[in-house]
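This report concerns only the one structure given below.
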6 protein chains.
Amino acid sequence: MKVAVYPGSFDPFTLGHADVIERSAKLVDKLIVAVLNNSAKKSFFTLDERLIHIKEMIKNIPNAEAGAFSGLLVDFARLCGANIIIRGLRALTDFEYEFQMALTNKSMADEIDTIFLATNIQHLYLSSSIVKEVVAYGGNVDNMVPPFIKSELMRKLALLSSAKEDNRGFGR
Amino acid sequence: MKVAVYPGSFDPFTLGHADVIERSAKLVDKLIVAVLNNSAKKSFFTLDERLIHIKEMIKNIPNAEAGAFSGLLVDFARLCGANIIIRGLRALTDFEYEFQMALTNKSMADEIDTIFLATNIQHLYLSSSIVKEVVAYGGNVDNMVPPFIKSELMRKLALLSSAKEDNRGFGR
Amino acid sequence: MKVAVYPGSFDPFTLGHADVIERSAKLVDKLIVAVLNNSAKKSFFTLDERLIHIKEMIKNIPNAEAGAFSGLLVDFARLCGANIIIRGLRALTDFEYEFQMALTNKSMADEIDTIFLATNIQHLYLSSSIVKEVVAYGGNVDNMVPPFIKSELMRKLALLSSAKEDNRGFGR
Amino acid sequence: MKVAVYPGSFDPFTLGHADVIERSAKLVDKLIVAVLNNSAKKSFFTLDERLIHIKEMIKNIPNAEAGAFSGLLVDFARLCGANIIIRGLRALTDFEYEFQMALTNKSMADEIDTIFLATNIQHLYLSSSIVKEVVAYGGNVDNMVPPFIKSELMRKLALLSSAKEDNRGFGR
Amino acid sequence: MKVAVYPGSFDPFTLGHADVIERSAKLVDKLIVAVLNNSAKKSFFTLDERLIHIKEMIKNIPNAEAGAFSGLLVDFARLCGANIIIRGLRALTDFEYEFQMALTNKSMADEIDTIFLATNIQHLYLSSSIVKEVVAYGGNVDNMVPPFIKSELMRKLALLSSAKEDNRGFGR
Amino acid sequence: MKVAVYPGSFDPFTLGHADVIERSAKLVDKLIVAVLNNSAKKSFFTLDERLIHIKEMIKNIPNAEAGAFSGLLVDFARLCGANIIIRGLRALTDFEYEFQMALTNKSMADEIDTIFLATNIQHLYLSSSIVKEVVAYGGNVDNMVPPFIKSELMRKLALLSSAKEDNRGFGR
């Protein structure tokens, strides 16, 4: 059985992620969409929120599951019995970094192989950071994220901004 | 009328910026040199200082103006009635990022187009960060910034260093 | 007055060319779409055919004209009184070559500047050579060239193939 | 059933090809290693020789088959009932070209997806052209091709060189 | 006499560094392996530890010495009477940055030249940051660093982790 | 003793070549500037002409010599007792190809190392092919080649053009 892990930060989940998931689910028997829990990097959505997002986004893909990991990706892949790592490739800068990770992972776990999918052309220059930047200034992200994620972004932004006001209210 | 915005951090203004401004002013009717006021990123010069620098540097270019913006560039461009965004291209890493921004901006504001100028060969590897690094260690920046900016860098460095000494004087 | 030259082989004219022409015509007073007559390189369409194609494609753009040149681009630009060269940028390999040409042209004609437009994302990986390869094997080029060019490709292919058959008829 | 095509010129078959085949055969149910019969490009080995090479090299991989095609890859893939195209990625220049091909193929056949494998680090800068160049001047290709291919290269070189001598013998 | 400086962070020293040092020591009369003391960037090993590591790693290379510097590299090179700067090149992203630094250094000190060595293929995607990431999660770094550095990484990790526990013990 | 080979086509010799030679002659005891005699590729200048050009250009560099080779570079380097290969790096496309060659050469001759020099910024986008293209159309190559090479280009062009006229005179 081919089991694959598709790791990422998914902060937030974009249409590019959706495209990679949909296509790779067709290539393997089981696909684990796994959120990297990187404690060193501040995220916009919490780990729990991101897991909820992924579960919602894959609810119609029977052979996909959501998961989370910290530590080495290859350790997590082994734990899941996965022999494939899936990565989307967009632009050149991706390529360099992804190559480095693929070769490093291979040197640590030779039985696990990384396969790359070329990102759909519409999402070639789409990234989670761009989404966060655009949404923060009130830009339109309809072409960047699924509707559910858009409403989540709005909800969270409203929350963060009212939290700021509360603080201000108490004299800061 | 062709109105163009040339956005940047200008922290500090370099000879590369001067070259792009001089050349693009010839291509359009009105050129707005606009400082990005990015509150998330600590700058060397304050927004006001950078506006003063730009005004000084463009004083002999009749169709150029200085401005500042925060938020989305396309919103600022619309506000100014600009239909063109100007960007200088230097090395490869620029290219990737600039492409991403140009395509993202186009997806948000189809009526505004980004045009790129190839940086003059003398300034191909010149960046504001390099200037700050070189000047911090007493290196010579004569080939990197206009004389006025050089003296501004010196003034600010002296100020920062005397501030440190003052702090030290009070026991820190 | 801003006069610009948009040079190329246009063998064949693609939707990417159409996009660059439409956008750059808005940026300048007069746009000359100029076919490079490169005798050293065998073309699919003759120079005359390519001029007819361009004229057809720009018939609704009042400030655009078709032209042809051999020799140095900067000499042709000077002849036309053009002070701008327009180039579309697609992928990385373009970038390197285009930079080299822009800097070489600048060293030969300092008064002429090259400006680059980022190709529309749908056409990011579209090239005239890809079109010729796809069409030669009966692939669908609807998303690659305008309908008029598609019928021209079909006409020419039929012509070339009947010419081959004629030859074969005479014992080859 | 996942059926994949791994297309190439295989002129000659290298250790890099062997690595991609071995790894991708594990990912799919059936792998078709397909020689592109490009009549426009002169090859060192004939199509038949290359098919023999591939058959020899995959004889121990039960789910791999050799094939040949001319025309569009997506047409051949459809003919074979393949839904996956496999490509190895080496250096940057590969990346650009491969992306272009993957996106073009997707635009012509949306149901077929291209997946990329990162070439094993030992073969990162290995190409069939390098092999031909090195072998032509008597260099050692032990680290570049399997032993069987090496002897085939020697055999063919001897043949070509004796053919030249024969011609010379008759006064040329 | 050719004196060369090989500058770096060496945080930690990798097999890639060892390879560059061994090869460049053969090219020059004297090689100074110089740790950049960058106070702005938090390092894993202290400056003193890194100097000890380098001294240990070069003890069998008679014409190599360890050193440290802060400030501009060209000032340090001049101080040492060095006329050559040595840098290893790995991937593309290196290339851009290294070119920028080489050209900037040349503009500040024309008598000092930078020479680049292509990293050994086994270490092409190896970096100090990758090493730190892998080791932090208990991955195997045998193919990445010399044994001495591996034990140093273990020692330091144990130290840092027991420090954390101590803190925790006191109620934090 | 450090002996280095600087191989190239030198068709024609450019200011970029002159810069690399001058700088690398300072780094080694003996520098052999070696013309690749590639019979498969038609050159503008004959091998003999190119050797004369190089001898003229290095006449003031006491430790430089001119040479020519066909076959593998590493074989020629061994023949000369050279342990260093010198290459200039300009743009990105160079980088990929040069890396490939350096790693291939290392795999064939481990005792010979390739070192790269960053091309002087003025010559970053200068290539022999650009020179030939510009000169063929009467463009100015003063910033591209030394005066002696310029007059050689003129002499050869006149020769080739009068040869054509002679042919025409006899009815072709």
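In the structure tokens, each chain is lettered A, B, ... as it comes, each chain's residues begin at 1, and ligands are numbered from 1 in order of appearance.
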- Item | Shell of 9 Å around Ile149 (chain F), only C-alpha atoms, local chain residues under 4 positions omitted, as a VMD selection string | chain F and resid 12 to 14 53 57 145 153 to 154
- Message: Using only C-alpha atoms, which protein or nucleic acid residues come within 7 Å of Arg87 (chain F)? Drop anything in the same chain fewer than 2 positions from it, and give the result as an MDAnalysis selection string.
- Response: chainID F and resid 6 85 89 115:117
Could you build a table of the residues in chain A lying no more than 7 Å from chain E, giving for each the nearest pair of atoms and their separation in Å rounded to one decimal place, using only C-alpha atoms, ordered by chain and ascending residue number, as a tab-separated table?
```
residue	atom	partner	partner_atom	distance
A:Gly71	CA	E:Tyr137	CA	5.2
A:Leu72	CA	E:Tyr137	CA	6.0
A:Gln100	CA	E:Tyr125	CA	5.1
A:Met108	CA	E:Asn140	CA	6.7
```
- Task: Using only C-alpha atoms, determine which residues lie at most 10 Å from Ser43 (chain E), disregarding the query and same-chain residues fewer than 6 positions distant; provide the list as a PyMOL selection string.
- Result: chain E and resi 9-12+37+50
- Name all residues at most 9 Å from Leu73 (chain C) (count only C-alpha atoms; drop same-chain ones fewer than 6 positions away) and give them as a PyMOL selection string. chain C and resi 5+7+36+85+105
- Item | All helix (DSSP H, G or I) positions in region 46-169 of chain A, as a PyMOL selection string | chain A and resi 47-57+73-79+92-108+121-123+128-136+147-169
- Item | Long-range neighbours of Cys80 (chain A) as a VMD selection string, 9 Å cut-off, only C-alpha atoms, 6 positions minimum in chain | chain A and resid 3 to 5 32
Dump N, CA and C atoms for the selected residues as a tab-separated table (two decimals), in the first residue's frame?
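After the write, result_14.tsv holds the following:
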```tsv
chain	number	residue	atom	x	y	z
A	3	VAL	N	1.35	4.84	1.09
A	3	VAL	CA	0.87	5.85	2.03
A	3	VAL	C	1.76	7.07	1.88
A	4	ALA	N	1.13	8.24	1.75
A	4	ALA	CA	1.91	9.46	1.54
A	4	ALA	C	1.59	10.50	2.61
A	5	VAL	N	2.60	11.27	2.95
A	5	VAL	CA	2.42	12.42	3.85
A	5	VAL	C	2.58	13.69	3.04
A	32	ILE	N	-1.91	11.48	4.11
A	32	ILE	CA	-1.98	12.14	5.42
A	32	ILE	C	-1.53	13.59	5.25
```
Would you list, as a CSV table (one decimal) with N, CA and C atoms, in the first residue's frame, the residues of region 104-165 of chain F that end up in strand (DSSP E or B) under DSSP run on this structure's backbone?
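That gives us selection-v5.csv:
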```
chain,number,residue,atom,x,y,z
F,113,ASP,N,41.5,20.7,-9.3
F,113,ASP,CA,40.4,21.4,-8.8
F,113,ASP,C,40.0,22.6,-9.6
F,114,THR,N,38.7,22.9,-9.7
F,114,THR,CA,38.3,24.1,-10.5
F,114,THR,C,38.0,25.2,-9.5
F,115,ILE,N,38.6,26.4,-9.8
F,115,ILE,CA,38.2,27.6,-9.1
F,115,ILE,C,37.6,28.6,-10.0
F,116,PHE,N,36.6,29.3,-9.4
F,116,PHE,CA,35.8,30.2,-10.1
F,116,PHE,C,36.1,31.6,-9.7
F,117,LEU,N,36.2,32.6,-10.6
F,117,LEU,CA,36.3,34.0,-10.3
F,117,LEU,C,35.0,34.6,-10.7
F,118,ALA,N,34.5,35.5,-9.9
F,118,ALA,CA,33.3,36.3,-10.3
F,118,ALA,C,33.7,37.3,-11.3
```
